[in-house]
Structure formats: structure tokens, C-alpha cells
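Each remark here refers to the structure printed beneath this line.
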Amino acid sequence: MKYVFGPVPSRRLGKSLGIDPIPLKTCNWNCVYCQLGRSVPLTLERAEYVPRQDLIIEVEQALAAQKPGEVDWVTFVGSGEPTLHASLGWMIRQVKKCTDLPVAVITNGSLLYLPEVREEISAADAILPTLDAGNARLYKQINRAAPRFSYEHHVEGLNLFRQEYSGKLWMEVMLVQGMNDTPEALRELAQVLQTIDPDQVQITLPLRPPCEAWVRPADAAGVQQAADILGAAVSVAIPDSSQAQAARIGDLADTILSVVTRHPMRAVELQLLLSRWSAVEVQEAIRKLENQHQIQTVERGGHSFLSAAGAQYPKDKNML
């Protein structure tokens, strides 16, 4: 499948059937921790990046292949920023016609200052936007947004959406060691989150291959400090790779490529996800993709991850 993958274990949504309306890597941010590598170039235009009707056909096929209980959420999560797709609102509404499962959108939230974007995604049951910083300086250092996107616009959009949206608003904070895990940074962030008043604040960690080699997750003390400072609505979302099993649909190599393009994984995690196939079949499919130069191995934090060959991960430790 080109646009639907999984279900995969999600830090926030359990067993998530992913829908990707964006080609790798179409994004208006270039976050230091992004598991999909660098955004080169940054993309500003909303457009019909993938055929919306083809995407819905794949969703229908994937849902039909799942047994009850195998999927918890249907999730729009792009190889970049999903709200850049100009028909996202239409696709969300079509998916909700296909299934009674709840629909989520994982977004950086950068376009929520636009009324049309807020209206489009309001049909989803949960929206999971990002807020990693409590000030413009840290926002620039961590999220590295395109120049037209300011921190003030970002926070304004989040506040406006909170006022208009009746579904679940779950803010995500990616905690990066030495950047936004200090007491000062966390107190500033807590003040901004208080004005937005989300239903939940979810602390996540860059445990998958971060874009920049120097990025490290906050340690246990930093996570506890963040939970204490950010308030009662905080939860810590750490993935459990054993939760989900990908549906046995189509070619195994295509399934692997579809997953690691959006969700880079260690080989052991991938084997758990693909437990409907034998270990020999999985290894043969991985070798096939490597020989065809469709996947790459990325080294981060002492671990090896499989990712799409087109994802760009700098090997040095520079912050540029």
C-alpha cells in the first residue's frame, strides 16, 4: 500500500492504523529530533500531494483486512506535516464514513492559525499538536520552522483551536536533553500550556532515530521533573513495540518499506510488528530492499534503525 501502513504501536494511540497523505519529507518544520530526517527543502504550500480518492480506497481495503480489536485508532500522520494536504478535511470525513473507530490527526500545529485548517481537522476525534518550547528562542532551536512561521503564530493557532474544537486536544512535548528539560524551560512551557488548556499533555522522547546525531532523550530525572512542573494533565508516552501486528496484505517488502518510511524501526521491533510472517521471510524482504537501495540503516544512540533510503540524516554532530 502507498498511503496506509500498520497498524503500528503508537506512543499515544495504542494500535494505530496510519494514513499518510504526504510524500517523504514534506514539512514546514525541520525539528532536530524528527525520526524522518531533515526537511530538504522546507515546504510552505498546501496542495493535493497524493490523490485523495486513491488514499480512501486503500483505507477501506486496510480496514476490511483487520479483525475486531486489532486497531484502536485510525491516524493521519504524515511523512512530514499532514495539514499541508489541501484535502485533509475531506479525507478525515470520508474515513469517518468508513469506520466507527476514532480518527486522530498528529500535526505540528503550525497551520492552526489559519481558519480553514482549524475547520478542516475539527471533524477528527483527537488532535495531537506539538509544543516543545515556552519561548521563541527555544522554538527556533528545536523546531527550526520555515521563516514565515513564528512562535507567536504557533501559540495563537493553538489557542484559537482550543476555543473552537470540541474533541480531544492532546498536546505533545518532545523532551530533548539539555534543551527543553531544564527547570527554566519547563516553567516557561508550563505557563504557555496553561493558557491553551489542553485535555492532556503527553511527554514523549526521541527514542527513534533523531534527525541530528547529537540529540538525546531526557533522562529519567528530566522526565520526572517535566511531569512535576507541567502539571496534573501530564502523561509520559513510551511505545511498546509488542502491541501491534501489521496486517498481512500484499507484498512483504512493500509492507516493510511502507512502515519504515513513516516509522523507522530496529530490526527486532520490525520482526515483532511483522509476526504474521516468519523471521526468514522478514530477513529476505529486508535484504531485497537493501539490495534495491530502498532502505538504509541509520545509527543513533548506539542502535541501528531501518529507514527509507530517501530520508536525510546527517552523520556529523553539528547543530546546523
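By convention here, the chains of the C-alpha cells are called A, B, ... in the order presented, each chain's residues are numbered starting at 1, and ligands are numbered starting at 1 in the order presented.
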
If you run DSSP on this backbone, which residues of stretch 115-172 of chain A come out as alpha helix (DSSP H), and could you give them as a PDB file with C-alpha atoms, in the first residue's frame?
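Result file follows (selection14.pdb):
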ATOM      1  CA  PRO A 115      -9.282  29.338   9.971  1.00  0.00           C
ATOM      2  CA  GLU A 116      -9.679  26.893   7.084  1.00  0.00           C
ATOM      3  CA  VAL A 117      -7.219  24.424   8.616  1.00  0.00           C
ATOM      4  CA  ARG A 118      -8.919  24.591  12.005  1.00  0.00           C
ATOM      5  CA  GLU A 119     -12.270  23.884  10.351  1.00  0.00           C
ATOM      6  CA  GLU A 120     -10.925  21.003   8.245  1.00  0.00           C
ATOM      7  CA  ILE A 121      -9.424  18.995  11.091  1.00  0.00           C
ATOM      8  CA  ALA A 136      10.584  31.903  20.587  1.00  0.00           C
ATOM      9  CA  ARG A 137      14.318  31.301  21.006  1.00  0.00           C
ATOM     10  CA  LEU A 138      13.916  27.655  22.010  1.00  0.00           C
ATOM     11  CA  TYR A 139      11.207  27.118  19.375  1.00  0.00           C
ATOM     12  CA  LYS A 140      13.668  28.279  16.726  1.00  0.00           C
ATOM     13  CA  GLN A 141      16.416  25.997  18.045  1.00  0.00           C
ATOM     14  CA  ILE A 142      14.286  22.850  18.373  1.00  0.00           C
ATOM     15  CA  ASN A 143      11.651  23.063  15.646  1.00  0.00           C
ATOM     16  CA  TYR A 151       6.339  31.175  17.628  1.00  0.00           C
ATOM     17  CA  GLU A 152       3.625  33.762  18.234  1.00  0.00           C
ATOM     18  CA  HIS A 153       1.571  32.432  15.297  1.00  0.00           C
ATOM     19  CA  HIS A 154       2.055  28.902  16.572  1.00  0.00           C
ATOM     20  CA  VAL A 155       0.737  29.635  20.054  1.00  0.00           C
ATOM     21  CA  GLU A 156      -2.048  31.836  18.667  1.00  0.00           C
ATOM     22  CA  GLY A 157      -3.238  28.992  16.442  1.00  0.00           C
ATOM     23  CA  LEU A 158      -3.233  26.516  19.317  1.00  0.00           C
ATOM     24  CA  ASN A 159      -5.255  28.877  21.489  1.00  0.00           C
ATOM     25  CA  LEU A 160      -7.796  29.577  18.753  1.00  0.00           C
ATOM     26  CA  PHE A 161      -8.206  25.899  18.021  1.00  0.00           C
ATOM     27  CA  ARG A 162      -8.724  25.069  21.694  1.00  0.00           C
ATOM     28  CA  GLN A 163     -11.546  27.634  21.820  1.00  0.00           C
ATOM     29  CA  GLU A 164     -13.325  26.184  18.769  1.00  0.00           C
TER      30      GLU A 164
END

With the cut-off set at 10 Å and counting only C-alpha atoms, tabulate each residue of stretch 188-210 of chain A with an atom at most that distance from an atom of stretch 35-43 of chain A, showing the nearest atom pair and its distance in Å to one decimal, ordered by chain and increasing number, as JSON lines.
{"residue": "A:Pro206", "atom": "CA", "partner": "A:Gln35", "partner_atom": "CA", "distance": 7.7}
{"residue": "A:Leu207", "atom": "CA", "partner": "A:Gln35", "partner_atom": "CA", "distance": 8.6}
{"residue": "A:Arg208", "atom": "CA", "partner": "A:Gln35", "partner_atom": "CA", "distance": 5.8}
{"residue": "A:Pro209", "atom": "CA", "partner": "A:Gln35", "partner_atom": "CA", "distance": 5.0}
{"residue": "A:Pro210", "atom": "CA", "partner": "A:Gln35", "partner_atom": "CA", "distance": 4.8}

Can you pull out every residue from stretch 5-114 of chain A that DSSP, working from the backbone, puts in strand (DSSP E or B), and format the result as an MDAnalysis selection string?
chainID A and resid 5:10 14:19 26 47 73:76 80 85 103:106

Emit the selected residues as a PDB file, in the first residue's frame, including N, CA and C atoms.
ATOM      1  N   PHE A   5      -0.493   2.287   6.385  1.00  0.00           N
ATOM      2  CA  PHE A   5       0.517   1.395   6.943  1.00  0.00           C
ATOM      3  C   PHE A   5       0.109   0.944   8.339  1.00  0.00           C
ATOM      4  N   GLY A   6       0.634  -0.229   8.707  1.00  0.00           N
ATOM      5  CA  GLY A   6       0.366  -0.734  10.049  1.00  0.00           C
ATOM      6  C   GLY A   6      -0.787  -1.728  10.088  1.00  0.00           C
ATOM      7  N   PRO A   7      -1.415  -1.838  11.287  1.00  0.00           N
ATOM      8  CA  PRO A   7      -1.248  -0.958  12.446  1.00  0.00           C
ATOM      9  C   PRO A   7       0.136  -1.060  13.083  1.00  0.00           C
ATOM     10  N   VAL A   8       0.586   0.082  13.623  1.00  0.00           N
ATOM     11  CA  VAL A   8       1.863   0.148  14.315  1.00  0.00           C
ATOM     12  C   VAL A   8       1.615   0.560  15.764  1.00  0.00           C
ATOM     13  N   PRO A   9       2.543   0.200  16.670  1.00  0.00           N
ATOM     14  CA  PRO A   9       2.394   0.638  18.060  1.00  0.00           C
ATOM     15  C   PRO A   9       2.640   2.133  18.163  1.00  0.00           C
ATOM     16  N   SER A  10       1.681   2.847  18.692  1.00  0.00           N
ATOM     17  CA  SER A  10       1.790   4.297  18.835  1.00  0.00           C
ATOM     18  C   SER A  10       2.018   4.651  20.291  1.00  0.00           C
ATOM     19  N   GLY A  14      -2.070   3.586  21.105  1.00  0.00           N
ATOM     20  CA  GLY A  14      -2.156   2.127  21.104  1.00  0.00           C
ATOM     21  C   GLY A  14      -1.832   1.558  19.735  1.00  0.00           C
ATOM     22  N   LYS A  15      -2.742   0.739  19.190  1.00  0.00           N
ATOM     23  CA  LYS A  15      -2.550   0.136  17.866  1.00  0.00           C
ATOM     24  C   LYS A  15      -3.165   1.066  16.826  1.00  0.00           C
ATOM     25  N   SER A  16      -2.295   1.714  16.083  1.00  0.00           N
ATOM     26  CA  SER A  16      -2.734   2.791  15.199  1.00  0.00           C
ATOM     27  C   SER A  16      -2.569   2.397  13.731  1.00  0.00           C
ATOM     28  N   LEU A  17      -3.665   2.454  12.977  1.00  0.00           N
ATOM     29  CA  LEU A  17      -3.599   2.277  11.537  1.00  0.00           C
ATOM     30  C   LEU A  17      -3.275   3.640  10.932  1.00  0.00           C
ATOM     31  N   GLY A  18      -2.074   3.744  10.353  1.00  0.00           N
ATOM     32  CA  GLY A  18      -1.595   5.032   9.887  1.00  0.00           C
ATOM     33  C   GLY A  18      -2.045   5.367   8.479  1.00  0.00           C
ATOM     34  N   ILE A  19      -2.358   6.631   8.262  1.00  0.00           N
ATOM     35  CA  ILE A  19      -2.698   7.157   6.942  1.00  0.00           C
ATOM     36  C   ILE A  19      -1.745   8.312   6.656  1.00  0.00           C
ATOM     37  N   THR A  26       7.723  16.064   3.343  1.00  0.00           N
ATOM     38  CA  THR A  26       7.035  17.306   3.011  1.00  0.00           C
ATOM     39  C   THR A  26       6.647  17.990   4.311  1.00  0.00           C
ATOM     40  N   ALA A  47      -1.229  21.685  -0.840  1.00  0.00           N
ATOM     41  CA  ALA A  47      -1.519  21.180  -2.177  1.00  0.00           C
ATOM     42  C   ALA A  47      -2.075  19.765  -2.091  1.00  0.00           C
ATOM     43  N   TRP A  73      -7.049   3.102  16.822  1.00  0.00           N
ATOM     44  CA  TRP A  73      -7.279   4.408  16.213  1.00  0.00           C
ATOM     45  C   TRP A  73      -6.889   4.348  14.738  1.00  0.00           C
ATOM     46  N   VAL A  74      -7.546   5.173  13.941  1.00  0.00           N
ATOM     47  CA  VAL A  74      -7.108   5.453  12.572  1.00  0.00           C
ATOM     48  C   VAL A  74      -6.485   6.840  12.610  1.00  0.00           C
ATOM     49  N   THR A  75      -5.234   6.937  12.176  1.00  0.00           N
ATOM     50  CA  THR A  75      -4.456   8.139  12.452  1.00  0.00           C
ATOM     51  C   THR A  75      -3.835   8.731  11.198  1.00  0.00           C
ATOM     52  N   PHE A  76      -4.144   9.989  10.935  1.00  0.00           N
ATOM     53  CA  PHE A  76      -3.455  10.735   9.893  1.00  0.00           C
ATOM     54  C   PHE A  76      -2.128  11.215  10.466  1.00  0.00           C
ATOM     55  N   GLY A  80       5.934  13.963   7.137  1.00  0.00           N
ATOM     56  CA  GLY A  80       6.060  15.411   7.178  1.00  0.00           C
ATOM     57  C   GLY A  80       4.839  15.963   7.900  1.00  0.00           C
ATOM     58  N   HIS A  85      -1.627  18.887   3.210  1.00  0.00           N
ATOM     59  CA  HIS A  85      -2.502  18.357   2.152  1.00  0.00           C
ATOM     60  C   HIS A  85      -3.784  19.180   2.117  1.00  0.00           C
ATOM     61  N   VAL A 103     -10.817   8.703  14.943  1.00  0.00           N
ATOM     62  CA  VAL A 103      -9.828   9.224  13.996  1.00  0.00           C
ATOM     63  C   VAL A 103      -9.017  10.321  14.671  1.00  0.00           C
ATOM     64  N   ALA A 104      -7.700  10.226  14.533  1.00  0.00           N
ATOM     65  CA  ALA A 104      -6.794  11.218  15.117  1.00  0.00           C
ATOM     66  C   ALA A 104      -5.956  11.858  14.020  1.00  0.00           C
ATOM     67  N   VAL A 105      -5.457  13.050  14.320  1.00  0.00           N
ATOM     68  CA  VAL A 105      -4.501  13.729  13.444  1.00  0.00           C
ATOM     69  C   VAL A 105      -3.302  14.143  14.284  1.00  0.00           C
ATOM     70  N   ILE A 106      -2.120  13.661  13.898  1.00  0.00           N
ATOM     71  CA  ILE A 106      -0.880  14.078  14.545  1.00  0.00           C
ATOM     72  C   ILE A 106      -0.267  15.163  13.682  1.00  0.00           C
TER      73      ILE A 106
END

If you count only C-alpha atoms, which residues fall within 8 Å of A:Met91, apart from same-chain ones fewer than 3 positions away, as a PyMOL selection string?
chain A and resi 52+56+87-88+94-95

Just checking: using only C-alpha atoms, which residue out of A:Ala218, A:Met171, A:Ile127, A:Leu205 ends up closest to A:Leu193?
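Selected residue with least distance to A:Leu193: A:Met171.
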
Can you tell me, as a PyMOL selection string, what residues are no more than 8 Å from A:Asn180 when counting only C-alpha atoms, ignoring any on the same chain fewer than 5 positions away?
chain A and resi 132-133+138+175+185-186

Save out the residues we just selected, C-alpha atoms, as a PDB file, in the first residue's frame.
ATOM      1  CA  ASP A 132       8.144  21.855  22.586  1.00  0.00           C
ATOM      2  CA  ALA A 133       9.098  25.334  23.784  1.00  0.00           C
ATOM      3  CA  LEU A 138      13.916  27.655  22.010  1.00  0.00           C
ATOM      4  CA  LEU A 175      11.712  16.244  25.636  1.00  0.00           C
ATOM      5  CA  ALA A 185      12.474  25.904  30.070  1.00  0.00           C
ATOM      6  CA  LEU A 186       9.813  23.702  31.647  1.00  0.00           C
TER       7      LEU A 186
END

At a cut-off of 12 Å, using only C-alpha atoms, what residues contact A:Trp170? Leave out same-chain residues fewer than 5 positions from it and give the result as a PyMOL selection string.
chain A and resi 12-13+104-109+125-131+158+161-162+165+193+196-204+233-235+237

Residues from last step as file, C-alpha atoms, as a compact mmCIF listing (two decimals), in the first residue's frame:
# COMPACT_ATOMS: atom_id res chain seq x y z
CA ARG A 12 -0.22 7.80 22.35
CA LEU A 13 -2.85 5.81 20.48
CA ALA A 104 -6.79 11.22 15.12
CA VAL A 105 -4.50 13.73 13.44
CA ILE A 106 -0.88 14.08 14.54
CA THR A 107 0.33 17.52 13.49
CA ASN A 108 2.94 20.07 14.40
CA GLY A 109 0.07 22.57 14.70
CA ASP A 125 -11.93 12.81 17.34
CA ALA A 126 -8.49 13.80 18.63
CA ILE A 127 -5.86 16.28 17.52
CA LEU A 128 -2.28 15.87 18.74
CA PRO A 129 -0.27 19.03 18.05
CA THR A 130 3.27 19.80 19.13
CA LEU A 131 4.52 22.38 21.61
CA LEU A 158 -3.23 26.52 19.32
CA PHE A 161 -8.21 25.90 18.02
CA ARG A 162 -8.72 25.07 21.69
CA TYR A 165 -12.66 22.43 18.98
CA LEU A 193 0.30 25.27 28.17
CA ILE A 196 -4.03 26.72 25.94
CA ASP A 197 -5.62 24.37 28.49
CA PRO A 198 -5.35 21.07 26.54
CA ASP A 199 -7.13 17.95 27.73
CA GLN A 200 -3.79 16.24 28.17
CA VAL A 201 -0.08 16.95 27.86
CA GLN A 202 1.90 13.98 26.62
CA ILE A 203 5.66 13.87 27.21
CA THR A 204 7.42 11.90 24.51
CA ALA A 233 -2.70 16.66 32.93
CA VAL A 234 0.72 15.21 32.04
CA SER A 235 1.34 11.64 30.94
CA ALA A 237 4.08 8.19 26.38

Can you tell me how far atom CA of A:Gly78 sits from atom CA of A:Arg262, in Å to one decimal?
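Atom CA of A:Arg262 lies 7.3 Å from atom CA of A:Gly78.
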
Close residues, A:Leu306 itself excluded, 8 Å, only C-alpha atoms, min 4 positions apart in chain, as a ChimeraX atom specification
/A:260,264-267,295-298

Straight-line distance linking atom CA of A:Leu257 with atom CA of A:Lys25, stated in Å to one decimal
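That distance, rounded to one decimal, is 14.7 Å.
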
Which is closest to A:Glu184 among A:Gly250, A:Pro82, A:Gly301, A:Gly134, if we use only C-alpha atoms?
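Smallest separation from A:Glu184 among the options: A:Gly134.
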
Residues near A:Ala221, cut-off 12 Å, only C-alpha atoms, skip fewer than 2 positions along chain, as an NGL selection string:
:A and (175 or 177 or 181-183 or 217-219 or 223-228)

With C-alpha atoms kept, could you save the residues just selected as a PDB file, in the first residue's frame?
ATOM      1  CA  LEU A 175      11.712  16.244  25.636  1.00  0.00           C
ATOM      2  CA  GLN A 177      18.127  16.547  26.875  1.00  0.00           C
ATOM      3  CA  ASP A 181      14.218  19.664  30.006  1.00  0.00           C
ATOM      4  CA  THR A 182      15.719  22.355  32.266  1.00  0.00           C
ATOM      5  CA  PRO A 183      13.620  23.807  35.109  1.00  0.00           C
ATOM      6  CA  PRO A 217      16.237  11.944  25.152  1.00  0.00           C
ATOM      7  CA  ALA A 218      15.851  13.473  28.566  1.00  0.00           C
ATOM      8  CA  ASP A 219      16.905  11.072  31.317  1.00  0.00           C
ATOM      9  CA  VAL A 223      11.185  13.247  32.630  1.00  0.00           C
ATOM     10  CA  GLN A 224      10.076  13.256  36.259  1.00  0.00           C
ATOM     11  CA  GLN A 225      10.954  16.942  36.569  1.00  0.00           C
ATOM     12  CA  ALA A 226       8.886  17.699  33.464  1.00  0.00           C
ATOM     13  CA  ALA A 227       5.930  15.734  34.837  1.00  0.00           C
ATOM     14  CA  ASP A 228       6.130  17.643  38.123  1.00  0.00           C
TER      15      ASP A 228
END

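Minimum distance to A:Val77 across A:Met174, A:Val259, A:Val32, A:Leu111 (counting only C-alpha atoms) occurs at A:Val259.
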